[in-house]
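Since the structure comes first, as structure tokens, the remarks are kept for the end.
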Amino acid sequence: MKLLFERSVQGRRSDILPEITTGNYRPDEKYLRQRKMHLPEISEVDLGRHYTQLMKQTHGVNDGFYPLGSCTMKYNPRIDEETASLPSFTQIHPLQPLSTVQGCMEVLHKAEKLLCEITGMDAMTFEPAAGAHGEYTGLLLIRKYHQDRNDSERINIIVPDSAHGTNPASAAMAGFKVVNIPSNGKGGVDLDALRNAVGKDTAGLMLTNPNTLGLFDPNILEITKIVHEAGGLCYYDGANLNAVMGRVRPGDMGFDCVHLNLHKTFATPHGGGGPGSGPVGCKDFLRKYLPCHMVEERDEFYYFTDPEKSMGQVRSFYGNFLVVVKALTYILTLGKKGIPEASGKAVLNANYMMHRLKDHYHVAYDQICMHEFVLSLENLKKETGVSAMDIAKGSLDYGIHPPTMYFPLIVHEALMFEPAETESRETIDEAVKIYLDLFEKAYSDPEYLHNAPHHCPIGRPDDVKAAREPVLKYEFND
Amino acid sequence: MFKNPEELQYTKTHEWVKEEDGIYTVGLTDYAQDSLGDIVFVNLPQVGDTVAAGESFGDVESVKAVSDVFSPVSGVVAEINEEILDNPALVNEDCYGTWLIKVNEVTGTEELLDAKAYEEVCANEA
Amino acid sequence: MGRYIPETLSEQEAMLREIGYTSIDDLYSMVPEQVRLKELNIPEGKSEMEVLEQMKEIADHNTVFRSVFRGAGVYAHHIPAIVKTITSKEEFLTAYTPYQAEISQGVLQSIFEYQTQICELTGLDVSNASVYDGAVAAAEAIFMTLERNKDEILVSDTIDPETLAVIKTYCESRSVKVKLLKNRNHLTDPDEVRKNLNERTAGLYLENPNYYGLIEDVESFAKLMHENKARIIEGCDPVSLALYRSPGEMDVDIAVGEGQQLGMPMGFGGPYLGFMTCRKELMRRLPGRIVGETTDHDGRRAFVLTLQAREQHIRREKASSNICSNEALCAMTASVYLAAMGPQGMNDLALSCYSNAHYLAEKLAELGFRRMDDGEFFNEFLTAAPVDPKLLEERLTEKKILSGLPLEDGILWCATELNTKEKIDELIAEIREVIE
């Protein structure tokens, strides 16, 4: 497809701004830009059509089944978009006088109260703009806590080998050393390995529960106890909260702080990779280290306050505010019963789909799963040469977004399915049929799958060429 | 089976090394390049850096993985192969003709294997 | 029934029975009894109509100003209608990160176009696909300059305080020493730079125009840094780049900035867009996602996420950054905005901001709000306050006019294309009334 720049014709433009009426002010010549700026010169109608074509080459949640594991691709309610588009939210400058932003403050305050109740935490910041950003913020809380107690030896963060890649990366960014511990045979934390790993140097543990295998760790209370007894804190990676929200709370499982992915669990759209929102909640004893700009209510008026020993800021202002508006709308809509119903249906969907696939595909850990499950295609690959990648690419031809591939790293030829609660039984049945067809195809015509997809806008791209000879922008001739 | 030149020595972590007049030349073995797949970038240390036997001195990137490269010897980096920074495919195409770094002032080495012993290591991993 | 779940309860029970269970609670048997929540203590759910009503009521507790003379990092601009139309398309809005290139060419191409346009604005070689906001972009850029023996960064105190706060947090956690440089007349002071520069200096971060709206002598700082084997990072205002010399023309190594002005509403602070561009030799140090062009097996043009081995999902604790989700839709917004405006439109916009601000400065000076600095400014400037700035703010708020931002040493005023002559004259009339 043509790029914007290839549609550009010199002199074309839209009339967007009026004539300048304030006079003929101009900067001195010496300040002026000399280099030509190649922006597209394009009419509004052609611009619109360009993006409509791009839109047709993009698979969104409403284009079909989207079981991308770990990403919670649930339906994004339209009402959430509508509330977040209200001009009295969108047209607010973040540095307006407090009396003129009471509505925005109320959104933050309400969202904090509701999400604290859902997570079992006492305070929450909305500054982090995404999940990884939340992890970083949560880890800084842990760092501040130990520093404040002059416990400078605590430099290790323990991370299970099944963890999301952001966990170790965030720990490193927050100035910690990462200690990886292996999983046990059931996909949970190996308690002995954990006991051996903790000590005076333990700052904390980062854990996802259910973990990235989609399994709830039944030893969770023992796990958090081991860490606490060693003087460390427990961090809950909320990426998988959709399995348990409204049913069990990180705070009750022994976690001291948590980040949420509003763009997963609380139905705000992913926007092709962002913006997200990664609020961080904590127990009371960590409150004083939270980022600046916490919202407090006194005499029916909202104020910003900076916690006593605040870590400072991790982002400008108050985070991705309009995303919080969407999440709040969602929570108010679902309410006390809707939240656990959503998680329950997500878990039902995953178990239902797993059950229907497991006579053919090998389930990596064959037990009750939570909101997602992992298949290992190692045997299939040995027998047919067809890999997890081939099956994933094969599903593209059926209009299905593939599951997460090759993750978690501890399962070979992994495919991780997360059929979110908003997927209907019919959709799952249809997808199961397709995956069973693909399974048969692996035996009857493996070559076909090696070359899949066959009916997408492009075939498999040459990733090696892209990385060896990077072309990262359009090159203009003049 | 991979053909590993007799005149080179090898590490269990799949590097080859050749000593000439106190200068140790280090590269990746055929087994390593094959299991990595298409190499798209090689991160090398700088000349003058010290390296330690058994410790990582750089890494190689394929499209979806990155693997550490371990030094067979302790010493100082005397030279790096600039050519592979621009053309990492050379490691795939001719791994024994494409070195990564040269080390001098060597003070110690990792346990080094001859071609035959190294082939046994590979056979056990496969 | 939880809203947005397609099945009725009895349908769900049928699904359960088929897989051998009787209730949803059976599926939670792994959860220890004592931590199972009996009841979630939040209000009952509401209908769509009620929720919309409630949210509108909350929103009504905000004041939307008719005219905004406040910037300080966030700016009110006209957003072309086409921008919102395109970026609200469900496919763009709801897609995940484009891991599967075959069905994500739309998102991938849009990011490639974004990268190209940001490179054009800044005059630099490589752009990433965005980070959270301008402040985080600055902090991440600082990390890009670090070398094994260079772990100090010089930061001008003329930068946005929000950005400074984020830089401090990020640098502290990575044990990077921040040396804050005292300004001279609200400009970065070359003597301060020289005084603080040493062999451990990795780079200098400054903003242009700076927080006070003033144009900095970036080129001479670039020269100074390069002579000392250090880098220079320029935090830039993307609108000003249509008019003023670009980072690329001034020998800057890394240019970053807040992209909110490129089609995003002020939205009480976000979502915004952190853009980052750099010279080619720093390409592999860029954090976050980058889209590249390649071909598919039939030789068709294709776009993919590339240079991924830098990133957290592969490199884990050794990754250059932990960023995963970015601000992709905001990047697309910026891309559509720049294309809708075009080179001439961007130039007109920058001139309009410049002109309106200079007219405003003249009119304010007539009322005794004299500029505190005499340097070149783009569309923001600091003035003295002949009346109590808080009182002025209050009185103007009653008229739904947002005054300049009261700072310790004056008032920081701003004008964009929205502050037309009419609006400025109205402001001046209102201020005159307050003074009298």
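The way I read the labels, and the way they are meant: chains A, B, ... in the order of the structure tokens, residue 1 as the first residue of every chain, and ligand 1 as the first ligand shown, with later ones counted on from there.
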### Task
Excluding Ile19 (chain C) and any residue of its chain fewer than 2 positions from it, enumerate the residues within 10 Å of it, using only C-alpha atoms, and give them as an MDAnalysis selection string.
(chainID A and resid 348 351:356) or (chainID C and resid 14:17 21:22)
Can you write just those residues out, N, CA and C atoms, as a tab-separated table (two decimals), in the first residue's frame?
```tsv
chain	number	residue	atom	x	y	z
A	348	LEU	N	-14.61	-19.49	32.98
A	348	LEU	CA	-15.43	-20.51	32.33
A	348	LEU	C	-15.04	-20.65	30.85
A	351	ASN	N	-11.73	-22.52	30.49
A	351	ASN	CA	-11.83	-23.95	30.78
A	351	ASN	C	-12.62	-24.68	29.70
A	352	TYR	N	-13.66	-24.03	29.23
A	352	TYR	CA	-14.49	-24.62	28.18
A	352	TYR	C	-13.66	-24.83	26.91
A	353	MET	N	-12.93	-23.83	26.53
A	353	MET	CA	-12.15	-23.93	25.31
A	353	MET	C	-11.02	-24.97	25.46
A	354	MET	N	-10.38	-24.94	26.62
A	354	MET	CA	-9.30	-25.89	26.88
A	354	MET	C	-9.84	-27.32	26.81
A	355	HIS	N	-10.98	-27.50	27.45
A	355	HIS	CA	-11.61	-28.82	27.47
A	355	HIS	C	-11.87	-29.32	26.04
A	356	ARG	N	-12.32	-28.43	25.21
A	356	ARG	CA	-12.69	-28.85	23.86
A	356	ARG	C	-11.48	-29.07	22.95
C	14	ALA	N	-25.02	-24.61	31.26
C	14	ALA	CA	-24.89	-25.68	30.27
C	14	ALA	C	-23.42	-25.87	29.88
C	15	MET	N	-22.73	-24.75	29.69
C	15	MET	CA	-21.30	-24.83	29.35
C	15	MET	C	-20.54	-25.54	30.47
C	16	LEU	N	-20.87	-25.17	31.69
C	16	LEU	CA	-20.20	-25.77	32.85
C	16	LEU	C	-20.42	-27.27	32.89
C	17	ARG	N	-21.69	-27.67	32.72
C	17	ARG	CA	-22.01	-29.10	32.79
C	17	ARG	C	-21.23	-29.87	31.74
C	21	TYR	N	-18.53	-29.55	35.44
C	21	TYR	CA	-18.65	-28.79	36.69
C	21	TYR	C	-20.10	-28.35	36.88
C	22	THR	N	-20.42	-27.95	38.09
C	22	THR	CA	-21.79	-27.51	38.32
C	22	THR	C	-21.89	-26.02	38.58
```
#### Entry: Shell around Thr50 (chain B) at 8 Å using only C-alpha atoms, local window under 3 positions removed, as a PyMOL selection string
chain B and resi 74-77
Based on the selection just made, write N, CA and C atoms of those residues as a PDB file, in the first residue's frame.
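Okay, this is what ended up in out-v5.pdb:
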```pdb
ATOM      1  N   SER B  74      40.649 -14.993  30.077  1.00  0.00           N
ATOM      2  CA  SER B  74      40.683 -13.713  30.771  1.00  0.00           C
ATOM      3  C   SER B  74      41.781 -12.862  30.160  1.00  0.00           C
ATOM      4  N   GLY B  75      41.490 -11.623  29.872  1.00  0.00           N
ATOM      5  CA  GLY B  75      42.496 -10.768  29.258  1.00  0.00           C
ATOM      6  C   GLY B  75      41.907  -9.441  28.843  1.00  0.00           C
ATOM      7  N   VAL B  76      42.555  -8.813  27.869  1.00  0.00           N
ATOM      8  CA  VAL B  76      42.126  -7.491  27.431  1.00  0.00           C
ATOM      9  C   VAL B  76      41.775  -7.553  25.949  1.00  0.00           C
ATOM     10  N   VAL B  77      40.673  -6.924  25.585  1.00  0.00           N
ATOM     11  CA  VAL B  77      40.247  -6.933  24.189  1.00  0.00           C
ATOM     12  C   VAL B  77      41.233  -6.109  23.358  1.00  0.00           C
TER      13      VAL B  77
END
```
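One finds CA of Ala230 (chain A) at 10.6 Å from CA of Leu194 (chain A).
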### Task
Would you kindly report the residues of chain B within 12 Å of chain A, using only C-alpha atoms, as a list of chain:residue names?
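Result, ordered by chain then number: B:Gly37, B:Asp38, B:Ile39, B:Val40, B:Phe41, B:Val42, B:Glu61, B:Ser62, B:Val63, B:Lys64, B:Ala65, B:Ile84, B:Leu85, B:Asp86, B:Asn87, B:Pro88, B:Ala89, B:Leu90.
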### Message
Restricting the calculation to only C-alpha atoms: of A:Pro87, A:His401, A:Gly273, A:Leu328, which residue gets closest to Cys330 (chain C)?
### Response
A:Gly273
### Message
Give me the residues near Tyr4 (chain C) as a list in words, where near means some atom within 10 Å (using only C-alpha atoms) and where sequence neighbours in that chain fewer than 5 positions away do not count.
### Response
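The neighbour list is Lys74, Tyr75, Asn76, Pro77, Thr333, Leu334, Gly338, Ala342, Glu421, Thr422, Glu423 and Ser424 of chain A.
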### For Glu112 (chain A): contacts at 9 Å, only C-alpha atoms, fewer than 6 positions along chain excluded, given as a PyMOL selection string
chain A and resi 122-126+279+281+295
### Message
At a cut-off of 12 Å, using only C-alpha atoms, what residues contact Val31 (chain C)? Leave out same-chain residues fewer than 4 positions from it and give the result as a PyMOL selection string.
### Response
(chain A and resi 209-210+215-221+243-244+247-250+252-253+368-370) or (chain C and resi 25-27+35-37)
Would you mind exporting the chosen residues as a CSV table (one decimal), in the first residue's frame, restricted to N, CA, C and O atoms?
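Wrote again05.csv, looks like this:
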```csv
chain,number,residue,atom,x,y,z
A,209,ASN,N,-0.6,-13.8,39.8
A,209,ASN,CA,-1.4,-14.9,40.3
A,209,ASN,C,-2.9,-14.7,39.9
A,209,ASN,O,-3.5,-13.8,40.5
A,210,PRO,N,-3.4,-15.5,39.0
A,210,PRO,CA,-2.9,-16.6,38.3
A,210,PRO,C,-1.6,-16.2,37.5
A,210,PRO,O,-1.5,-15.1,37.0
A,215,LEU,N,-2.5,-20.4,35.8
A,215,LEU,CA,-2.8,-21.3,36.9
A,215,LEU,C,-2.8,-20.4,38.2
A,215,LEU,O,-1.9,-19.6,38.4
A,216,PHE,N,-3.8,-20.7,39.0
A,216,PHE,CA,-3.8,-20.0,40.3
A,216,PHE,C,-2.9,-20.8,41.3
A,216,PHE,O,-3.0,-22.0,41.4
A,217,ASP,N,-2.0,-20.1,41.9
A,217,ASP,CA,-1.0,-20.8,42.8
A,217,ASP,C,-1.7,-21.1,44.2
A,217,ASP,O,-1.9,-20.1,44.9
A,218,PRO,N,-2.0,-22.3,44.5
A,218,PRO,CA,-2.7,-22.6,45.7
A,218,PRO,C,-1.9,-22.3,47.0
A,218,PRO,O,-2.4,-22.2,48.1
A,219,ASN,N,-0.6,-22.2,46.8
A,219,ASN,CA,0.3,-21.9,47.9
A,219,ASN,C,0.5,-20.5,48.2
A,219,ASN,O,1.4,-20.1,48.9
A,220,ILE,N,-0.4,-19.7,47.6
A,220,ILE,CA,-0.1,-18.2,47.6
A,220,ILE,C,0.1,-17.7,49.0
A,220,ILE,O,1.0,-16.8,49.2
A,221,LEU,N,-0.6,-18.1,50.0
A,221,LEU,CA,-0.5,-17.6,51.4
A,221,LEU,C,0.9,-18.0,51.9
A,221,LEU,O,1.5,-17.2,52.6
A,243,ALA,N,-8.9,-12.8,35.9
A,243,ALA,CA,-9.4,-14.1,36.3
A,243,ALA,C,-10.1,-14.1,37.7
A,243,ALA,O,-10.9,-14.9,38.0
A,244,VAL,N,-9.7,-13.1,38.5
A,244,VAL,CA,-10.1,-13.2,39.9
A,244,VAL,C,-10.8,-11.9,40.5
A,244,VAL,O,-11.2,-11.9,41.6
A,247,ARG,N,-13.4,-11.7,43.3
A,247,ARG,CA,-13.5,-13.0,43.9
A,247,ARG,C,-12.4,-13.3,44.9
A,247,ARG,O,-12.6,-14.0,45.9
A,248,VAL,N,-11.2,-12.7,44.6
A,248,VAL,CA,-10.1,-12.8,45.6
A,248,VAL,C,-9.3,-11.6,45.4
A,248,VAL,O,-9.1,-11.2,44.2
A,249,ARG,N,-8.8,-11.0,46.5
A,249,ARG,CA,-8.1,-9.7,46.3
A,249,ARG,C,-6.6,-9.9,46.6
A,249,ARG,O,-6.2,-10.6,47.6
A,250,PRO,N,-5.7,-9.3,45.8
A,250,PRO,CA,-4.3,-9.3,46.1
A,250,PRO,C,-4.0,-9.0,47.5
A,250,PRO,O,-3.1,-9.6,48.1
A,252,ASP,N,-5.6,-9.5,50.2
A,252,ASP,CA,-6.0,-10.6,51.1
A,252,ASP,C,-5.0,-11.8,50.9
A,252,ASP,O,-4.9,-12.6,51.8
A,253,MET,N,-4.4,-11.8,49.7
A,253,MET,CA,-3.4,-12.9,49.5
A,253,MET,C,-2.0,-12.6,50.1
A,253,MET,O,-1.1,-13.4,50.0
A,368,ILE,N,-7.4,-27.5,36.2
A,368,ILE,CA,-8.3,-26.3,36.1
A,368,ILE,C,-7.5,-25.1,35.8
A,368,ILE,O,-6.5,-24.8,36.6
A,369,CYS,N,-7.9,-24.4,34.8
A,369,CYS,CA,-7.1,-23.1,34.5
A,369,CYS,C,-7.9,-22.0,35.0
A,369,CYS,O,-9.1,-22.1,35.3
A,370,MET,N,-7.3,-20.8,35.0
A,370,MET,CA,-8.0,-19.6,35.3
A,370,MET,C,-8.5,-19.0,33.9
A,370,MET,O,-9.1,-19.7,33.2
C,25,ASP,N,-18.0,-21.5,40.9
C,25,ASP,CA,-17.2,-21.6,42.1
C,25,ASP,C,-16.3,-22.8,42.0
C,25,ASP,O,-15.2,-22.8,42.6
C,26,ASP,N,-16.7,-23.9,41.4
C,26,ASP,CA,-15.9,-25.1,41.3
C,26,ASP,C,-14.6,-24.8,40.6
C,26,ASP,O,-13.6,-25.4,40.9
C,27,LEU,N,-14.6,-23.8,39.7
C,27,LEU,CA,-13.4,-23.5,38.9
C,27,LEU,C,-12.4,-22.7,39.8
C,27,LEU,O,-11.2,-22.6,39.4
C,35,VAL,N,-9.4,-16.8,51.7
C,35,VAL,CA,-9.2,-15.5,51.0
C,35,VAL,C,-10.3,-15.3,49.9
C,35,VAL,O,-10.3,-14.3,49.2
C,36,ARG,N,-11.2,-16.2,49.9
C,36,ARG,CA,-12.3,-16.0,48.9
C,36,ARG,C,-13.2,-14.9,49.3
C,36,ARG,O,-13.7,-14.9,50.5
C,37,LEU,N,-13.4,-14.0,48.5
C,37,LEU,CA,-14.2,-12.8,48.8
C,37,LEU,C,-15.7,-13.1,48.9
C,37,LEU,O,-16.2,-13.7,47.9
```
### Message
So that I can check the secondary structure, give me every residue of chain B assigned helix (DSSP H, G or I) by backbone DSSP, as an NGL selection string.
### Response
:B and (30-36 or 83-86 or 89-93 or 115-125)
### Task
Extract, using only C-alpha atoms, all DNA, RNA and protein residues at most 10 Å from Glu376 (chain C), discarding same-chain residues fewer than 5 positions from it, and format them as a count of residues only.
9
